[in-house]
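Undergrad: Encoded as structure tokens, here's the structure I'll be asking about.
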Amino acid sequence: MKKFRYPILLLTLAGTLFYCKSNKQAGSQIVATNVQETSKEDPAKIDFSKSPFLTAQESMKKIQVEDGFEVKLVASEPLISTPVAFSFDQKGRMWVIEMTGYMPDTVGTGEDIPNGKIVILEDKNKDGVMDDRKVFLDSLVLPRAICLIDNGILVGEPTNLWFFEIKNDKPVNKTLVDPLYTEGGNVEHQPNGLMRAMDNWIYNAKSSKRYRRQGSKWLIEQTHFRGQWGISQDNYGRLYYNNNSQNVLSDFFSPGFGANNKNQRNVAGYNEKSVANNHVYPIRPTPGVNRAYMKGVINDSLKLVDFTAACSPMVYRGNLFGKAYESNVFVAEPSANLIKRNILNDKGYIVKGEQAYKGKEFLASTDERFRPVSLYNAPDGAMYIVDMYRGIIQHKTYLTPYLKGQIGKRDLTQPLSAGRIYKVVPKNSNTKITALPTDAESLVKLLGDNNGWIRDYAQQTLVDGKMSQAIPALESASKQTANTFLAIHALWTLEGLSALKTDEVLALLNQSSWPVRMEALSVLPSVINGQTCKTYTAALNKLVDQNDTLSAPYVAFLTHNISEFDKSAANDLLLKVAKKYPSNRYVSDAVISNLQDHEDAFKNELVASVSDTTLIIQTQLRKAIAQAANTKGNRDPQMLLKEFPKGVALFTSICQTCHGPDGNGVKSLGPPLNQSEWVTGDKGKLISIVLFGLTGPVKVNGHVYKTPEVSGDMPGIGYDKDMPSEDVAQLLSFIRKSWRNNGEKITTDEVVSTRKKLNARQKAFTVEELNGM
């Protein structure tokens with residue numbers, strides 16, 4: 001069913017690990033690379049008919065970066081292989097994920113072989129280049145995410161999320177945190193990130209779960225579904241992510257709010273397009289993208305026009321780049337060999353922005369094998385780039401005959417054991433990562449550092465170490481007004497230590513500084529209880545009475561927490577804020593997020609004061625009520641699971657990412673399948689779409705879906721010759737019988753017949769073609 005227009009190029013093809021037998025020798029070679037300057041070669045003079053494998057030194061010469069900056073090599077093969085993500089530790093070492101098993105060849109032979117690793121890289125001679133390698137964990141199947149926490153490490157290894165305690169750089173006491181960490185997606189569409197946010201929870205891309213350790217137990221909560229590959233936060237703990245065809249998506253509000261009403265399709269302020277412009281400007285031809293044969297994907301110069309593999313948005317929070325780079329978000333695009341820079345602006349609680357340049361990028365390469373897949377802030381203030389370095393990175397499920405031809409034409413498959421990590425720094429800067437302090441007094445001071453990575457480290461170390469001796473200093477820091485970042489991080493550190501006091505939070509709610517007030521509102525779910533509920537309810541009512549418009553959505557979200565202890569007070573507060581801001585879509589959706597299955601009753605209460613049916617609060621309530629009615633009319637999913645087990649499995653792993661588990665479509669990705677005439681109508685058209693894809697606008701129930709409302713193209717699954725026709729038939733029968741659909745089943749023979757008929761097909765269908773069948 002509907003997938004991303006181009007499955008994200010986030011993983012690595014892999015071959016045999018080219019292990020470094022002499023760390024000392026490898027280190028000296030990397031130092032030599034470090035002095036190489038990136039060049040400004042003329043792309044017009046380059047022969048792009050081939051894409052030869054280049055050493056790290058040679059590849060760096062192909063990179064062009066914004067004036068005033070330079071790229072330095074931090075690590076490369078043979079010290080690392082197939083890197084996809086990493087984390088720094090307190091000593092400045094890098095814990096790197098090597099996904100060795102991803103797509104060893106174009107048919108994915110041996111993907112389930114346990115050959116993935118977590119390795120520790122260290123710069124022992126302190127020259128800024130990693131020169132030592134230590135394997136922490138091996139025999140992993142496609143590892144994809146890590147998080148250092150509480151003297152241990154979380155490791156995402158499909159389908160599980162594991163926690164290992166660390167002792168002398170060795171894993172001990174393995175604990176299963178979540179056996180369903182990656183359930184509901186195929187290898188290209190599974191959760192990743194494991195980012196520790198300011199609110200002391202761990203968030204993921206491609207997921208609606210968040211995690212937190214409490215004593216020896218792990219908490220798992222549902223939150224908003226976010227992104228595809230990579231996740232980041234800004235200086236106020238708001239989350240940023242994207243999907244492969246969109247530049248920057250973000251949350252305007254604290255990530256823990258507003259995911260409580262299953263009848264609410266979208267909540268304003270979450271999954272917002274902070275940067276809507278998706279144009280890219282590669283400096284080399286890019287015919288090697290999966291659907292470059294389609295009109296408009298590449299231009300007359302054979303260069304990609306719009307994002308097709310956007311990933312790993314990173315809010316720059318360092319202290320090296322200068323004031324112009326504050327509130328900047330960088331986005332990697334591995335299929336076009338570039339990194340984009342975007343500039344954001346806050347207007348109240350709304351965060352919107354634009355691309356920094358027109359017609360060029362912050363960083364781009366003429367080396368087709370340069371594949372930036374992950375971007376990171378760092379202790380030294382630089383921006384770090386994970387380059388998995390290879391020619392082909394498309395998974396077999398979506399590999400079109402066109403791209404297979406490109407792979408063969410330009411010898412893109414081999415070699416498979418490379419990988420590089422770079423850092424971008426201002427020219428002539430001498431940045432090094434050194435060990436950071438671990439004592440409570442020093443850590444409290446670092447909460448106000450001008451480098452966001454350092455502030456996060458200090459907060460997390462204080463919380464992980466349960467450093468209660470720091471509480472007096474933290475309380476003092478939260479009250480001072482000279483350094484906003486110090487106050488904010490002190491507040492959340494106290495929250496992490498379960499040491500917040502009501503008087504302190506109330507004082508912060510009354511501050512004139514909106515960022516401080518915003519964080520005080522965001523922390524309230526942790527401190528509202530039976531004893532404090534009345535006090536905090538009064539404080540929230542006061543904010544509404546004071547016409548604090550910025551606080552209004554937060555007040556509405558927080559009634560969810562108040563209702564646990566006083567439902568009447570919560571309902572009164574909801575009515576109050578809804579009446580005051582009936583035309584504010586953020587407030588309206590925040591109100592409705594509390595009303596699952598009570599929308600109709602609330603609407604009846606509200607109508608006495610807000611009778612205008614055109615106001616946003618009224619229209620949004622009607623949508624939620626209609627959604628609730630539709631859900632009640634859905635067919636029993638358990639019965640369908642028994643009848644179509646293979647179809648359900650295929651839908652879960654491939655289709656629901658873009659069409660939603662409820663079949664009602666996903667914002668910016670796919671149109672609805674529920675009650676769609678394309679699903680319940682002509683069998684031949686539906687089989688053709690699923691096998692070979694659909695491109696361009698499509699009308700569903702009278703509404704035309706096109707970019708940017710949905711992704712412009714849906715890849716088919718028929719290019720994968722190993723996909724059984726029986727499974728495809730079950731998938732199609734499942735969606736034709738699911739939700740409120742009641743279409744006739746599709747047989748295996750019907751799928752086989754269509755596959756034979758369209759055997760030579762190499763491109764997606766258009767609506768016009770399908771209607772002419």
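Chain labels follow the order of the structure tokens: the first chain is A, the next B, and so on; residue numbering restarts at 1 in every chain, and ligands are counted from 1 in their shown order.
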For segment 87-90 of chain A, find every residue with an atom within 7 Å (counting only C-alpha atoms), except residues of its own chain fewer than 6 positions away, and show them as a PyMOL selection string.
TA: chain A and resi 96+435-436
Undergrad: Go ahead and write the selection's residues with N, CA and C atoms as a tab-separated table (two decimals), in the first residue's frame.
TA:
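Output (again28.tsv):
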chain	number	residue	atom	x	y	z
A	96	VAL	N	29.44	3.69	18.56
A	96	VAL	CA	28.97	3.69	17.17
A	96	VAL	C	28.21	2.40	16.85
A	435	ALA	N	37.52	14.89	28.49
A	435	ALA	CA	36.65	14.33	29.52
A	435	ALA	C	35.96	15.45	30.29
A	436	LEU	N	34.71	15.22	30.67
A	436	LEU	CA	33.92	16.23	31.36
A	436	LEU	C	33.82	15.89	32.84
Undergrad: May I have the residues within 10 Å of Asp42 of chain A as a list in words, using only C-alpha atoms and disregarding those fewer than 6 positions away in the same chain?
TA: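 Skipping anything fewer than 6 positions along the chain leaves Lys62, Ile283, Arg284 and Thr366 of chain A.
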Undergrad: Please produce a file of those selected residues containing all heavy atoms, as a PDB file, in the first residue's frame.
TA:
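Result file again-v2.pdb:
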ATOM      1  N   LYS A  62      36.001  16.228  -2.486  1.00  0.00           N
ATOM      2  CA  LYS A  62      34.793  16.410  -3.289  1.00  0.00           C
ATOM      3  C   LYS A  62      33.710  17.200  -2.557  1.00  0.00           C
ATOM      4  O   LYS A  62      32.673  17.514  -3.134  1.00  0.00           O
ATOM      5  CB  LYS A  62      34.222  15.040  -3.678  1.00  0.00           C
ATOM      6  CG  LYS A  62      35.200  14.103  -4.362  1.00  0.00           C
ATOM      7  CD  LYS A  62      35.568  14.590  -5.745  1.00  0.00           C
ATOM      8  CE  LYS A  62      36.481  13.588  -6.439  1.00  0.00           C
ATOM      9  NZ  LYS A  62      36.856  14.047  -7.804  1.00  0.00           N
ATOM     10  N   ILE A 283      25.022  19.293  -6.202  1.00  0.00           N
ATOM     11  CA  ILE A 283      26.042  19.862  -7.089  1.00  0.00           C
ATOM     12  C   ILE A 283      26.536  18.833  -8.098  1.00  0.00           C
ATOM     13  O   ILE A 283      27.495  19.093  -8.823  1.00  0.00           O
ATOM     14  CB  ILE A 283      27.224  20.448  -6.294  1.00  0.00           C
ATOM     15  CG1 ILE A 283      27.899  19.366  -5.437  1.00  0.00           C
ATOM     16  CG2 ILE A 283      26.769  21.619  -5.440  1.00  0.00           C
ATOM     17  CD1 ILE A 283      29.175  19.860  -4.749  1.00  0.00           C
ATOM     18  N   ARG A 284      25.871  17.677  -8.141  1.00  0.00           N
ATOM     19  CA  ARG A 284      26.194  16.667  -9.142  1.00  0.00           C
ATOM     20  C   ARG A 284      24.886  16.068  -9.660  1.00  0.00           C
ATOM     21  O   ARG A 284      23.852  16.137  -8.983  1.00  0.00           O
ATOM     22  CB  ARG A 284      27.060  15.556  -8.553  1.00  0.00           C
ATOM     23  CG  ARG A 284      26.456  14.857  -7.357  1.00  0.00           C
ATOM     24  CD  ARG A 284      26.995  13.442  -7.167  1.00  0.00           C
ATOM     25  NE  ARG A 284      26.518  12.563  -8.242  1.00  0.00           N
ATOM     26  CZ  ARG A 284      27.287  11.761  -8.952  1.00  0.00           C
ATOM     27  NH1 ARG A 284      28.571  11.696  -8.700  1.00  0.00           N
ATOM     28  NH2 ARG A 284      26.783  11.008  -9.906  1.00  0.00           N
ATOM     29  N   THR A 366      30.342  16.027  -4.644  1.00  0.00           N
ATOM     30  CA  THR A 366      30.222  15.443  -5.973  1.00  0.00           C
ATOM     31  C   THR A 366      30.530  13.952  -5.947  1.00  0.00           C
ATOM     32  O   THR A 366      30.511  13.297  -6.991  1.00  0.00           O
ATOM     33  CB  THR A 366      31.171  16.143  -6.968  1.00  0.00           C
ATOM     34  OG1 THR A 366      32.511  16.075  -6.463  1.00  0.00           O
ATOM     35  CG2 THR A 366      30.766  17.595  -7.171  1.00  0.00           C
TER      36      THR A 366
END
Undergrad: Write out as a list of chain:residue names which residues come within 10 Å of Glu677 of chain A when counting only C-alpha atoms, dropping same-chain ones fewer than 2 positions away.
TA: A:Leu673, A:Asn674, A:Gln675, A:Val679, A:Thr680, A:Gly681, A:Asp682, A:Leu686, A:Lys699, A:Val700, A:Asn701, A:Gly702, A:Asn741, A:Gly743
Undergrad: Excluding segment 250-260 of chain A and residues on its chain fewer than 6 positions from it, collect all residues at most 8 Å away from it, counting only C-alpha atoms, and give them as a PyMOL selection string.
TA: chain A and resi 222-224+237-242+267+269-274+349-351+522+554+557-558+590+593-594+596
Undergrad: Give me a file of those residues, with N, CA, C and O atoms, as a CSV table (one decimal), in the first residue's frame.
TA:
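Generated output (out-v4.csv):
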chain,number,residue,atom,x,y,z
A,222,GLN,N,2.4,6.1,25.6
A,222,GLN,CA,2.1,6.4,24.2
A,222,GLN,C,2.1,8.0,24.1
A,222,GLN,O,1.7,8.7,25.0
A,223,THR,N,2.7,8.4,23.0
A,223,THR,CA,2.7,9.8,22.7
A,223,THR,C,2.4,10.0,21.2
A,223,THR,O,1.8,9.1,20.6
A,224,HIS,N,2.7,11.1,20.6
A,224,HIS,CA,2.4,11.3,19.2
A,224,HIS,C,3.3,10.5,18.3
A,224,HIS,O,4.5,10.3,18.7
A,237,GLY,N,13.4,21.9,24.6
A,237,GLY,CA,12.8,20.6,24.7
A,237,GLY,C,11.8,20.3,23.7
A,237,GLY,O,11.1,19.2,23.8
A,238,ARG,N,11.5,21.1,22.7
A,238,ARG,CA,10.6,20.8,21.6
A,238,ARG,C,11.2,19.9,20.6
A,238,ARG,O,12.4,20.1,20.3
A,239,LEU,N,10.5,19.0,20.0
A,239,LEU,CA,11.1,17.9,19.2
A,239,LEU,C,11.0,18.3,17.7
A,239,LEU,O,10.0,18.9,17.3
A,240,TYR,N,12.0,17.8,16.9
A,240,TYR,CA,12.1,18.1,15.5
A,240,TYR,C,12.4,16.7,14.8
A,240,TYR,O,13.2,15.9,15.3
A,241,TYR,N,11.8,16.5,13.6
A,241,TYR,CA,11.9,15.3,12.9
A,241,TYR,C,11.5,15.5,11.5
A,241,TYR,O,11.2,16.7,11.1
A,242,ASN,N,11.4,14.5,10.7
A,242,ASN,CA,10.9,14.7,9.3
A,242,ASN,C,10.5,13.3,8.7
A,242,ASN,O,10.7,12.3,9.4
A,267,VAL,N,-3.5,16.8,16.1
A,267,VAL,CA,-3.5,17.8,17.1
A,267,VAL,C,-2.7,18.9,16.7
A,267,VAL,O,-1.5,18.8,16.4
A,269,GLY,N,-0.2,21.8,16.4
A,269,GLY,CA,1.0,22.1,17.2
A,269,GLY,C,1.9,20.9,17.3
A,269,GLY,O,3.0,20.9,17.8
A,270,TYR,N,1.4,19.7,16.7
A,270,TYR,CA,2.3,18.5,16.6
A,270,TYR,C,2.3,18.1,15.2
A,270,TYR,O,1.4,18.2,14.4
A,271,ASN,N,3.5,17.6,14.8
A,271,ASN,CA,3.7,17.2,13.4
A,271,ASN,C,3.4,18.4,12.4
A,271,ASN,O,2.8,18.2,11.4
A,272,GLU,N,3.9,19.5,12.9
A,272,GLU,CA,3.7,20.7,12.1
A,272,GLU,C,4.9,20.9,11.1
A,272,GLU,O,6.0,20.5,11.3
A,273,LYS,N,4.6,21.5,9.9
A,273,LYS,CA,5.6,21.7,8.9
A,273,LYS,C,6.3,23.1,9.3
A,273,LYS,O,5.9,24.1,8.9
A,274,SER,N,7.4,22.9,10.0
A,274,SER,CA,8.1,24.1,10.4
A,274,SER,C,8.9,24.8,9.2
A,274,SER,O,9.0,26.0,9.1
A,349,TYR,N,4.2,30.7,20.4
A,349,TYR,CA,4.5,29.2,20.5
A,349,TYR,C,4.6,28.6,19.1
A,349,TYR,O,4.9,27.4,19.0
A,350,ILE,N,4.5,29.4,18.1
A,350,ILE,CA,4.6,28.8,16.7
A,350,ILE,C,6.1,29.0,16.2
A,350,ILE,O,6.7,30.0,16.3
A,351,VAL,N,6.6,27.9,15.6
A,351,VAL,CA,7.9,27.9,15.1
A,351,VAL,C,7.9,27.6,13.6
A,351,VAL,O,7.5,26.5,13.2
A,522,SER,N,5.1,23.0,31.3
A,522,SER,CA,5.5,21.6,30.8
A,522,SER,C,5.8,20.6,31.9
A,522,SER,O,5.6,19.4,31.8
A,554,TYR,N,-1.4,25.2,26.7
A,554,TYR,CA,-0.9,24.4,27.8
A,554,TYR,C,-1.9,24.2,28.9
A,554,TYR,O,-2.0,23.1,29.5
A,557,PHE,N,-4.2,21.5,27.7
A,557,PHE,CA,-3.6,20.2,27.7
A,557,PHE,C,-3.5,19.6,29.2
A,557,PHE,O,-3.8,18.5,29.4
A,558,LEU,N,-3.3,20.5,30.1
A,558,LEU,CA,-3.1,20.1,31.5
A,558,LEU,C,-4.3,19.7,32.2
A,558,LEU,O,-4.3,19.1,33.3
A,590,ALA,N,-6.2,21.3,21.7
A,590,ALA,CA,-5.7,21.0,23.0
A,590,ALA,C,-6.9,20.6,23.9
A,590,ALA,O,-6.9,19.7,24.7
A,593,SER,N,-8.3,17.2,22.9
A,593,SER,CA,-7.4,16.1,23.3
A,593,SER,C,-7.8,15.4,24.6
A,593,SER,O,-7.3,14.3,24.9
A,594,ASN,N,-8.6,16.1,25.4
A,594,ASN,CA,-9.0,15.6,26.7
A,594,ASN,C,-10.4,14.9,26.7
A,594,ASN,O,-10.8,14.4,27.7
A,596,GLN,N,-12.0,12.3,24.8
A,596,GLN,CA,-12.3,11.0,24.1
A,596,GLN,C,-13.6,10.4,24.5
A,596,GLN,O,-13.8,10.2,25.7
Undergrad: Which parts of segment 337-557 of chain A does DSSP call strand (DSSP E or B) when run on the backbone here, written out as a ChimeraX atom specification?
TA: /A:338-347,350-355,363-365,372-376,383-387,420-426
Undergrad: Determine the nearest neighbour of Phe485 of chain A from the options A:Val248, A:Ile471, A:Leu650, A:Met198, counting only C-alpha atoms.
TA: A:Met198
Undergrad: Write out as a tab-separated table a residue-level contact list of segment 412-508 of chain A versus segment 186-196 of chain A with cut-off 10 Å: for each qualifying residue the closest pair of atoms and the distance in Å to one decimal, counting only C-alpha atoms, rows sorted by chain and residue number upward.
TA:
residue	atom	partner	partner_atom	distance
A:Asp456	CA	A:Arg196	CA	8.5
A:Tyr457	CA	A:Arg196	CA	9.9
A:Gln460	CA	A:Arg196	CA	8.4
Undergrad: Taking C-alpha atoms for each residue, export the selection above as a short mmCIF file (atom, residue, chain, number, x, y, z; two decimals), in the first residue's frame.
TA:
data_model
loop_
_atom_site.label_atom_id
_atom_site.label_comp_id
_atom_site.auth_asym_id
_atom_site.auth_seq_id
_atom_site.Cartn_x
_atom_site.Cartn_y
_atom_site.Cartn_z
CA ASP A 456 22.05 18.03 28.40
CA TYR A 457 25.03 16.02 29.63
CA GLN A 460 21.44 13.68 32.60
#
Undergrad: Excluding Asp597 of chain A and its own-chain neighbours fewer than 6 positions away, which residues fall within 12 Å of it when counting only C-alpha atoms? Please give them as a ChimeraX atom specification.
TA: /A:260-264,603,621,624-629,631-632
